[in-house]
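Quick look at final10.cif (mmCIF, C-alpha atoms):
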data_start
#
loop_
_atom_site.group_PDB
_atom_site.id
_atom_site.type_symbol
_atom_site.label_atom_id
_atom_site.label_comp_id
_atom_site.auth_asym_id
_atom_site.auth_seq_id
_atom_site.Cartn_x
_atom_site.Cartn_y
_atom_site.Cartn_z
ATOM 1 C CA MET A 1438 11.890 -14.730 25.881
ATOM 2 C CA GLU A 1439 8.633 -14.977 23.960
ATOM 3 C CA HIS A 1440 9.176 -13.301 20.601
ATOM 4 C CA GLN A 1441 6.452 -11.806 18.448
ATOM 5 C CA LEU A 1442 6.596 -12.554 14.759
ATOM 6 C CA ILE A 1443 6.261 -9.510 12.495
ATOM 7 C CA ASP A 1444 3.912 -10.796 9.802
ATOM 8 C CA GLY A 1445 4.714 -8.930 6.583
ATOM 9 C CA ARG A 1446 2.132 -10.873 4.594
ATOM 10 C CA ALA A 1447 -0.702 -9.843 6.922
ATOM 11 C CA VAL A 1448 0.357 -6.181 6.975
ATOM 12 C CA ALA A 1449 0.812 -6.146 3.180
ATOM 13 C CA ALA A 1450 -2.707 -7.582 2.740
ATOM 14 C CA GLN A 1451 -4.088 -4.887 5.054
ATOM 15 C CA VAL A 1452 -2.325 -2.051 3.176
ATOM 16 C CA LYS A 1453 -3.352 -3.572 -0.168
ATOM 17 C CA GLN A 1454 -7.008 -3.463 0.915
ATOM 18 C CA GLU A 1455 -6.650 0.178 2.027
ATOM 19 C CA LEU A 1456 -5.168 1.079 -1.379
ATOM 20 C CA ALA A 1457 -7.906 -0.852 -3.231
ATOM 21 C CA ASP A 1458 -10.576 1.038 -1.245
ATOM 22 C CA GLU A 1459 -8.956 4.333 -2.179
ATOM 23 C CA VAL A 1460 -8.777 3.403 -5.881
ATOM 24 C CA ALA A 1461 -12.461 2.380 -5.777
ATOM 25 C CA GLU A 1462 -13.235 5.821 -4.317
ATOM 26 C CA ILE A 1463 -11.238 7.534 -7.110
ATOM 27 C CA ARG A 1464 -13.177 5.485 -9.671
ATOM 28 C CA ARG A 1465 -16.535 6.391 -8.104
ATOM 29 C CA ASN A 1466 -15.602 10.061 -8.271
ATOM 30 C CA GLY A 1467 -14.560 9.794 -11.917
ATOM 31 C CA GLY A 1468 -10.900 10.501 -11.124
ATOM 32 C CA LYS A 1469 -7.826 9.245 -12.959
ATOM 33 C CA ILE A 1470 -6.836 5.670 -12.112
ATOM 34 C CA PRO A 1471 -3.104 5.510 -11.242
ATOM 35 C CA HIS A 1472 -1.009 3.904 -13.995
ATOM 36 C CA LEU A 1473 2.303 2.137 -13.306
ATOM 37 C CA ALA A 1474 4.663 1.032 -16.067
ATOM 38 C CA ALA A 1475 7.513 -1.445 -15.622
ATOM 39 C CA VAL A 1476 10.481 -1.800 -17.972
ATOM 40 C CA LEU A 1477 12.032 -5.258 -18.014
ATOM 41 C CA VAL A 1478 15.275 -5.980 -19.869
ATOM 42 C CA GLY A 1479 16.273 -9.589 -20.551
ATOM 43 C CA HIS A 1480 15.056 -12.749 -18.851
ATOM 44 C CA ASP A 1481 16.604 -12.796 -15.371
ATOM 45 C CA GLY A 1482 14.531 -15.261 -13.333
ATOM 46 C CA GLY A 1483 14.325 -13.097 -10.208
ATOM 47 C CA SER A 1484 13.418 -9.983 -12.202
ATOM 48 C CA GLU A 1485 10.718 -11.867 -14.143
ATOM 49 C CA THR A 1486 9.158 -13.019 -10.857
ATOM 50 C CA TYR A 1487 9.291 -9.560 -9.264
ATOM 51 C CA VAL A 1488 7.780 -7.806 -12.265
ATOM 52 C CA ALA A 1489 5.007 -10.413 -12.662
ATOM 53 C CA SER A 1490 4.194 -9.945 -8.979
ATOM 54 C CA LYS A 1491 4.109 -6.140 -9.360
ATOM 55 C CA VAL A 1492 1.753 -6.354 -12.352
ATOM 56 C CA LYS A 1493 -0.522 -8.807 -10.493
ATOM 57 C CA THR A 1494 -0.634 -6.565 -7.402
ATOM 58 C CA CYS A 1495 -1.546 -3.568 -9.592
ATOM 59 C CA GLU A 1496 -4.516 -5.537 -10.950
ATOM 60 C CA GLU A 1497 -5.654 -6.590 -7.477
ATOM 61 C CA ILE A 1498 -5.584 -2.989 -6.243
ATOM 62 C CA GLY A 1499 -7.255 -1.630 -9.376
ATOM 63 C CA PHE A 1500 -4.325 0.302 -10.859
ATOM 64 C CA ARG A 1501 -3.576 0.256 -14.552
ATOM 65 C CA SER A 1502 -0.245 -1.306 -15.440
ATOM 66 C CA SER A 1503 1.925 -1.629 -18.541
ATOM 67 C CA LEU A 1504 4.900 -3.893 -19.108
ATOM 68 C CA VAL A 1505 7.629 -2.793 -21.536
ATOM 69 C CA ARG A 1506 9.952 -5.653 -22.499
ATOM 70 C CA TYR A 1507 13.368 -5.654 -24.163
ATOM 71 C CA GLU A 1508 15.846 -8.407 -24.953
ATOM 72 C CA ASP A 1509 19.130 -8.160 -23.023
ATOM 73 C CA ASP A 1510 21.035 -6.943 -26.087
ATOM 74 C CA VAL A 1511 18.992 -3.702 -26.258
ATOM 75 C CA ALA A 1512 21.144 -0.608 -26.879
ATOM 76 C CA GLU A 1513 21.454 1.849 -24.003
ATOM 77 C CA ASP A 1514 20.281 4.683 -26.295
ATOM 78 C CA GLU A 1515 17.116 2.807 -27.184
ATOM 79 C CA LEU A 1516 16.328 2.301 -23.503
ATOM 80 C CA LEU A 1517 17.017 5.985 -22.788
ATOM 81 C CA SER A 1518 14.682 7.096 -25.567
ATOM 82 C CA ARG A 1519 11.908 4.843 -24.166
ATOM 83 C CA ILE A 1520 12.431 6.404 -20.711
ATOM 84 C CA ASP A 1521 12.119 9.807 -22.352
ATOM 85 C CA ALA A 1522 8.805 8.725 -23.880
ATOM 86 C CA LEU A 1523 7.533 7.411 -20.527
ATOM 87 C CA ASN A 1524 8.566 10.689 -18.861
ATOM 88 C CA SER A 1525 6.429 12.690 -21.292
ATOM 89 C CA ASP A 1526 3.443 10.292 -21.386
ATOM 90 C CA ALA A 1527 0.803 12.096 -19.319
ATOM 91 C CA ASP A 1528 -1.177 8.901 -18.753
ATOM 92 C CA ILE A 1529 1.687 7.127 -16.946
ATOM 93 C CA ASP A 1530 1.957 8.326 -13.348
ATOM 94 C CA GLY A 1531 5.005 6.334 -12.334
ATOM 95 C CA PHE A 1532 7.378 3.764 -13.752
ATOM 96 C CA ILE A 1533 10.237 1.529 -12.757
ATOM 97 C CA VAL A 1534 13.166 0.042 -14.632
ATOM 98 C CA GLN A 1535 13.774 -3.369 -13.092
ATOM 99 C CA LEU A 1536 17.367 -3.850 -11.887
ATOM 100 C CA PRO A 1537 19.858 -5.436 -12.425
ATOM 101 C CA LEU A 1538 20.427 -4.354 -16.039
ATOM 102 C CA PRO A 1539 22.821 -6.047 -18.520
ATOM 103 C CA ARG A 1540 26.476 -5.016 -18.126
ATOM 104 C CA HIS A 1541 26.629 -2.832 -21.237
ATOM 105 C CA ILE A 1542 23.977 -0.503 -19.782
ATOM 106 C CA SER A 1543 24.813 2.010 -17.046
ATOM 107 C CA SER A 1544 22.203 1.608 -14.294
ATOM 108 C CA GLN A 1545 23.094 5.026 -12.902
ATOM 109 C CA LYS A 1546 22.557 6.717 -16.265
ATOM 110 C CA ILE A 1547 19.182 4.987 -16.603
ATOM 111 C CA ILE A 1548 18.098 5.962 -13.077
ATOM 112 C CA GLU A 1549 19.097 9.589 -13.624
ATOM 113 C CA ALA A 1550 17.112 9.707 -16.885
ATOM 114 C CA ILE A 1551 13.849 8.993 -15.038
ATOM 115 C CA ASP A 1552 11.729 12.045 -14.182
ATOM 116 C CA PRO A 1553 11.918 12.286 -10.338
ATOM 117 C CA ARG A 1554 8.143 12.929 -10.337
ATOM 118 C CA LYS A 1555 7.612 9.463 -11.834
ATOM 119 C CA ASP A 1556 10.440 7.680 -9.988
ATOM 120 C CA VAL A 1557 8.282 5.430 -7.810
ATOM 121 C CA ASP A 1558 11.326 3.276 -6.928
ATOM 122 C CA GLY A 1559 12.793 6.319 -5.158
ATOM 123 C CA PHE A 1560 16.263 5.792 -6.672
ATOM 124 C CA HIS A 1561 16.737 9.119 -8.515
ATOM 125 C CA PRO A 1562 19.326 11.417 -6.853
ATOM 126 C CA VAL A 1563 16.613 14.077 -6.444
ATOM 127 C CA ASN A 1564 14.426 11.714 -4.412
ATOM 128 C CA VAL A 1565 17.444 10.413 -2.467
ATOM 129 C CA GLY A 1566 18.488 13.998 -1.682
ATOM 130 C CA ARG A 1567 14.978 15.030 -0.644
ATOM 131 C CA MET A 1568 14.765 11.973 1.603
ATOM 132 C CA SER A 1569 18.067 12.907 3.274
ATOM 133 C CA LEU A 1570 16.725 16.415 3.900
ATOM 134 C CA GLY A 1571 13.403 15.134 5.221
ATOM 135 C CA LEU A 1572 11.411 16.630 2.320
ATOM 136 C CA PRO A 1573 8.435 14.933 0.651
ATOM 137 C CA CYS A 1574 9.707 12.322 -1.822
ATOM 138 C CA PHE A 1575 9.201 8.793 -3.075
ATOM 139 C CA LEU A 1576 10.852 6.529 -0.506
ATOM 140 C CA PRO A 1577 12.714 3.429 -1.718
ATOM 141 C CA ALA A 1578 10.371 0.472 -1.358
ATOM 142 C CA THR A 1579 12.199 -1.834 1.049
ATOM 143 C CA PRO A 1580 13.071 0.826 3.688
ATOM 144 C CA ALA A 1581 9.530 2.251 3.392
ATOM 145 C CA GLY A 1582 8.132 -1.251 3.947
ATOM 146 C CA ILE A 1583 10.251 -1.656 7.088
ATOM 147 C CA LEU A 1584 8.979 1.680 8.441
ATOM 148 C CA GLU A 1585 5.406 0.514 7.801
ATOM 149 C CA LEU A 1586 6.035 -2.695 9.794
ATOM 150 C CA LEU A 1587 7.565 -0.780 12.718
ATOM 151 C CA GLN A 1588 4.613 1.606 12.701
ATOM 152 C CA ARG A 1589 1.865 -0.998 12.466
ATOM 153 C CA TYR A 1590 3.417 -3.085 15.241
ATOM 154 C CA GLU A 1591 3.840 0.095 17.326
ATOM 155 C CA ILE A 1592 7.520 -0.631 17.936
ATOM 156 C CA GLU A 1593 9.134 2.226 19.849
ATOM 157 C CA THR A 1594 12.083 3.720 17.949
ATOM 158 C CA GLN A 1595 12.636 7.075 19.657
ATOM 159 C CA GLY A 1596 16.012 7.255 21.394
ATOM 160 C CA LYS A 1597 16.785 3.632 20.539
ATOM 161 C CA HIS A 1598 20.075 2.430 19.073
ATOM 162 C CA CYS A 1599 19.509 1.088 15.575
ATOM 163 C CA VAL A 1600 22.342 -0.927 14.019
ATOM 164 C CA ILE A 1601 22.136 -1.495 10.264
ATOM 165 C CA LEU A 1602 24.221 -4.226 8.659
ATOM 166 C CA GLY A 1603 24.898 -3.233 5.061
ATOM 167 C CA ARG A 1604 25.428 0.083 3.290
ATOM 168 C CA SER A 1605 23.730 -0.473 -0.072
ATOM 169 C CA ASN A 1606 22.044 2.421 -1.862
ATOM 170 C CA ILE A 1607 18.809 0.434 -1.976
ATOM 171 C CA VAL A 1608 18.502 -0.534 1.707
ATOM 172 C CA GLY A 1609 21.351 0.307 4.099
ATOM 173 C CA LYS A 1610 21.938 3.996 3.384
ATOM 174 C CA PRO A 1611 18.281 5.056 2.993
ATOM 175 C CA MET A 1612 17.342 3.032 6.079
ATOM 176 C CA ALA A 1613 19.939 4.952 8.108
ATOM 177 C CA ALA A 1614 18.565 8.317 6.907
ATOM 178 C CA LEU A 1615 14.986 7.286 7.697
ATOM 179 C CA MET A 1616 15.720 5.923 11.172
ATOM 180 C CA MET A 1617 17.526 9.173 12.032
ATOM 181 C CA ARG A 1618 14.786 11.510 10.843
ATOM 182 C CA LYS A 1619 12.682 13.552 13.257
ATOM 183 C CA SER A 1620 9.495 11.512 13.091
ATOM 184 C CA ASN A 1621 7.911 8.279 14.160
ATOM 185 C CA PRO A 1622 9.298 5.744 13.295
ATOM 186 C CA GLY A 1623 12.632 7.524 13.555
ATOM 187 C CA ASN A 1624 14.560 9.547 16.144
ATOM 188 C CA CYS A 1625 17.040 6.679 16.513
ATOM 189 C CA THR A 1626 20.749 6.776 17.148
ATOM 190 C CA VAL A 1627 22.007 4.968 14.054
ATOM 191 C CA THR A 1628 25.166 2.936 13.429
ATOM 192 C CA VAL A 1629 25.835 1.555 9.955
ATOM 193 C CA CYS A 1630 28.125 -1.497 9.815
ATOM 194 C CA HIS A 1631 29.473 -3.294 6.759
ATOM 195 C CA SER A 1632 32.006 -5.911 5.677
ATOM 196 C CA ARG A 1633 34.960 -3.687 6.692
ATOM 197 C CA SER A 1634 33.611 -2.763 10.126
ATOM 198 C CA GLU A 1635 35.690 -3.843 13.106
ATOM 199 C CA GLY A 1636 34.056 -5.160 16.260
ATOM 200 C CA LEU A 1637 30.906 -6.075 14.367
ATOM 201 C CA LYS A 1638 29.617 -8.558 16.927
ATOM 202 C CA GLU A 1639 30.106 -6.127 19.821
ATOM 203 C CA MET A 1640 28.329 -3.402 17.837
ATOM 204 C CA CYS A 1641 25.362 -5.681 17.093
ATOM 205 C CA LEU A 1642 25.068 -6.531 20.780
ATOM 206 C CA THR A 1643 24.402 -2.855 21.563
ATOM 207 C CA ALA A 1644 21.439 -2.684 19.152
ATOM 208 C CA ASP A 1645 17.866 -2.194 20.356
ATOM 209 C CA ILE A 1646 16.858 -2.557 16.693
ATOM 210 C CA LEU A 1647 19.020 -4.633 14.353
ATOM 211 C CA ILE A 1648 18.381 -4.407 10.604
ATOM 212 C CA ALA A 1649 20.294 -7.042 8.632
ATOM 213 C CA ALA A 1650 20.737 -6.244 4.936
ATOM 214 C CA LEU A 1651 24.036 -7.835 3.946
ATOM 215 C CA GLY A 1652 22.848 -10.603 1.643
ATOM 216 C CA VAL A 1653 24.867 -13.209 3.551
ATOM 217 C CA PRO A 1654 22.719 -16.204 4.546
ATOM 218 C CA GLU A 1655 22.342 -16.688 8.312
ATOM 219 C CA PHE A 1656 25.145 -14.229 9.091
ATOM 220 C CA VAL A 1657 23.524 -12.993 12.318
ATOM 221 C CA LYS A 1658 23.843 -15.624 15.036
ATOM 222 C CA ALA A 1659 22.368 -15.712 18.552
ATOM 223 C CA ASP A 1660 25.602 -14.478 20.161
ATOM 224 C CA MET A 1661 25.314 -11.216 18.157
ATOM 225 C CA VAL A 1662 21.861 -10.273 19.442
ATOM 226 C CA ARG A 1663 20.989 -8.881 22.844
ATOM 227 C CA GLU A 1664 18.003 -10.078 24.828
ATOM 228 C CA GLY A 1665 14.816 -8.204 23.851
ATOM 229 C CA ALA A 1666 16.127 -6.731 20.592
ATOM 230 C CA VAL A 1667 13.939 -6.086 17.547
ATOM 231 C CA VAL A 1668 15.425 -7.898 14.522
ATOM 232 C CA ILE A 1669 14.481 -7.007 10.942
ATOM 233 C CA ASP A 1670 15.843 -9.446 8.347
ATOM 234 C CA VAL A 1671 16.088 -7.984 4.838
ATOM 235 C CA GLY A 1672 18.212 -10.758 3.345
ATOM 236 C CA THR A 1673 16.843 -13.176 0.751
ATOM 237 C CA THR A 1674 19.277 -15.679 -0.709
ATOM 238 C CA ARG A 1675 18.043 -18.639 -2.752
ATOM 239 C CA LEU A 1676 20.061 -21.775 -2.087
ATOM 240 C CA PRO A 1677 19.550 -25.275 -3.522
ATOM 241 C CA SER A 1678 17.645 -27.558 -1.181
ATOM 242 C CA SER A 1679 16.551 -31.173 -1.489
ATOM 243 C CA ALA A 1680 13.927 -30.629 1.211
ATOM 244 C CA THR A 1681 11.625 -28.460 -0.916
ATOM 245 C CA LYS A 1682 9.540 -29.219 -3.996
ATOM 246 C CA SER A 1683 10.994 -26.232 -5.892
ATOM 247 C CA GLY A 1684 14.537 -27.453 -5.304
ATOM 248 C CA TYR A 1685 15.627 -24.328 -3.471
ATOM 249 C CA LYS A 1686 15.013 -22.581 -0.164
ATOM 250 C CA LEU A 1687 15.042 -18.896 0.801
ATOM 251 C CA TYR A 1688 17.440 -17.901 3.555
ATOM 252 C CA GLY A 1689 17.547 -14.611 5.395
ATOM 253 C CA ASP A 1690 20.613 -12.867 6.855
ATOM 254 C CA VAL A 1691 19.546 -14.023 10.329
ATOM 255 C CA ALA A 1692 19.839 -17.571 11.699
ATOM 256 C CA PHE A 1693 16.149 -17.430 12.624
ATOM 257 C CA SER A 1694 15.713 -20.503 14.839
ATOM 258 C CA GLU A 1695 18.583 -19.570 17.175
ATOM 259 C CA VAL A 1696 18.045 -15.779 17.150
ATOM 260 C CA ALA A 1697 14.236 -15.661 17.525
ATOM 261 C CA PRO A 1698 14.120 -16.817 21.191
ATOM 262 C CA LYS A 1699 16.185 -13.750 22.197
ATOM 263 C CA CYS A 1700 14.043 -11.172 20.361
ATOM 264 C CA SER A 1701 11.025 -9.122 21.337
ATOM 265 C CA TYR A 1702 10.069 -8.885 17.640
ATOM 266 C CA ILE A 1703 11.524 -10.552 14.554
ATOM 267 C CA THR A 1704 10.670 -10.777 10.842
ATOM 268 C CA PRO A 1705 10.702 -14.205 9.173
ATOM 269 C CA VAL A 1706 12.103 -14.986 5.708
ATOM 270 C CA PRO A 1707 10.042 -15.430 3.637
ATOM 271 C CA GLY A 1708 6.944 -13.509 4.734
ATOM 272 C CA GLY A 1709 8.521 -10.579 6.560
ATOM 273 C CA VAL A 1710 10.028 -7.621 4.733
ATOM 274 C CA GLY A 1711 9.532 -9.138 1.236
ATOM 275 C CA PRO A 1712 5.759 -8.658 0.864
ATOM 276 C CA MET A 1713 6.100 -5.072 2.125
ATOM 277 C CA THR A 1714 8.489 -4.084 -0.660
ATOM 278 C CA ILE A 1715 5.937 -4.466 -3.462
ATOM 279 C CA ILE A 1716 3.183 -2.871 -1.392
ATOM 280 C CA SER A 1717 5.416 0.190 -0.753
ATOM 281 C CA LEU A 1718 5.889 0.549 -4.506
ATOM 282 C CA MET A 1719 2.092 0.532 -4.817
ATOM 283 C CA LYS A 1720 1.792 3.257 -2.172
ATOM 284 C CA ASN A 1721 4.262 5.359 -4.174
ATOM 285 C CA THR A 1722 2.213 4.728 -7.331
ATOM 286 C CA LEU A 1723 -0.924 6.044 -5.614
ATOM 287 C CA LEU A 1724 1.000 9.119 -4.394
ATOM 288 C CA ALA A 1725 2.270 9.658 -7.951
ATOM 289 C CA GLY A 1726 -1.231 9.290 -9.361
ATOM 290 C CA LYS A 1727 -2.621 11.804 -6.877
ATOM 291 C CA LYS A 1728 0.343 14.144 -7.517
ATOM 292 C CA LEU A 1729 0.862 14.395 -3.759
ATOM 293 C CA ILE A 1730 4.682 14.507 -3.656
ATOM 294 C CA TYR A 1731 5.358 16.856 -6.567
ATOM 295 C CA SER A 1732 2.251 18.907 -7.252
#
Structure re-expressed in structure tokens:
Amino acid sequence: MEHQLIDGRAVAAQVKQELADEVAEIRRNGGKIPHLAAVLVGHDGGSETYVASKVKTCEEIGFRSSLVRYEDDVAEDELLSRIDALNSDADIDGFIVQLPLPRHISSQKIIEAIDPRKDVDGFHPVNVGRMSLGLPCFLPATPAGILELLQRYEIETQGKHCVILGRSNIVGKPMAALMMRKSNPGNCTVTVCHSRSEGLKEMCLTADILIAALGVPEFVKADMVREGAVVIDVGTTRLPSSATKSGYKLYGDVAFSEVAPKCSYITPVPGGVGPMTIISLMKNTLLAGKKLIYS
């Protein structure tokens, strides 16, 4: 079967241009330019890369951005008081605290300290609850990016069986809520599978849309995917590789070369869901700046 590649880079570039046009319009009209702040604790390589990429994307779109840095021995109270200050700073429309945090800091406590109206990551229980109820909210970036891809590629979701591998709070659970909702994309029958699920392979074979978010490299093999399925690969695992200049290679949760021939649509890794995650955060920042979710 001839599969179509879902090009996350191309879609992200398209959305980025749309956002930049809107910011230019705000500037022409003398409006307030959206301002995103990022809080980075410590020097985790992945986090450094993500935050640098977020700041760069802000600049390209025309947003204002601020980076708040702490060493990894920062006290939890100090971090909480900075979040308090960001909450009450009228110039900052939205902010994120880059995860993971050092062990001595409770991520949940930090997330709950963020004003839901500025929680552009969509992790605060208020935003999670509103999402579950189908109310306006900031959607978590990766699931929102997946919805954008499904929409732009006009992939039919109504009445389809969507199987999600993984039940994380960042991808699996919100993805299930969004694919069930009464809208397009949405209206799916959703099954969430995880490491304890029995009959995993059989379950995957019933999926019209398979979303793999386990974080296990090349877990999904060809014998788990039915002919004509849509496969969305959320996994990104860096493994050492002698074949690349950087010394490592990114692997998705799907064994791409053997699965792709069976699919109608499939996302590659890298270049699929990844680029959409940052662009979804930017969409949330614009919504925050325009006060469209919480007026």
Exercise. Of the candidates A:Leu1576, A:Leu1642, A:Arg1675, A:Ile1443, which shows the shortest atom-to-atom distance to A:Gln1588, using only C-alpha atoms?
Worked result: A:Ile1443
Problem set entry | A:Gly1499 environment, 9 Å, only C-alpha atoms, sequence neighbours closer than 4 positions dropped, as a list in words | Leu1456, Ala1457, Val1460, Ala1461, Ile1470, Pro1471, Thr1494 and Cys1495 of chain A
For this session: Please indicate the distance in Å from atom CA of A:Cys1630 to atom CA of A:Thr1643, rounded to one decimal place.
Result: 12.4 Å
For this session: Spell out the residues picked by the PyMOL selection byres ((chain A and resi 1730) around 9) here, as a PyMOL selection string.
Result: chain A and resi 1554+1573-1575+1724-1725+1727-1729+1731-1732
With stretch 1614-1625 of chain A as the partner and 9 Å as the cut-off, tabulate the residues of stretch 1525-1573 of chain A that qualify, each row holding the nearest pair of atoms and their distance in Å to one decimal, using all atoms listed in the file, sorted by chain and rising number, as a Markdown table.
| residue | atom | partner | partner_atom | distance |
| --- | --- | --- | --- | --- |
| A:Met1568 | CA | A:Ala1614 | CA | 7.5 |
| A:Ser1569 | CA | A:Ala1614 | CA | 5.9 |
| A:Leu1570 | CA | A:Arg1618 | CA | 8.7 |
| A:Gly1571 | CA | A:Arg1618 | CA | 6.8 |
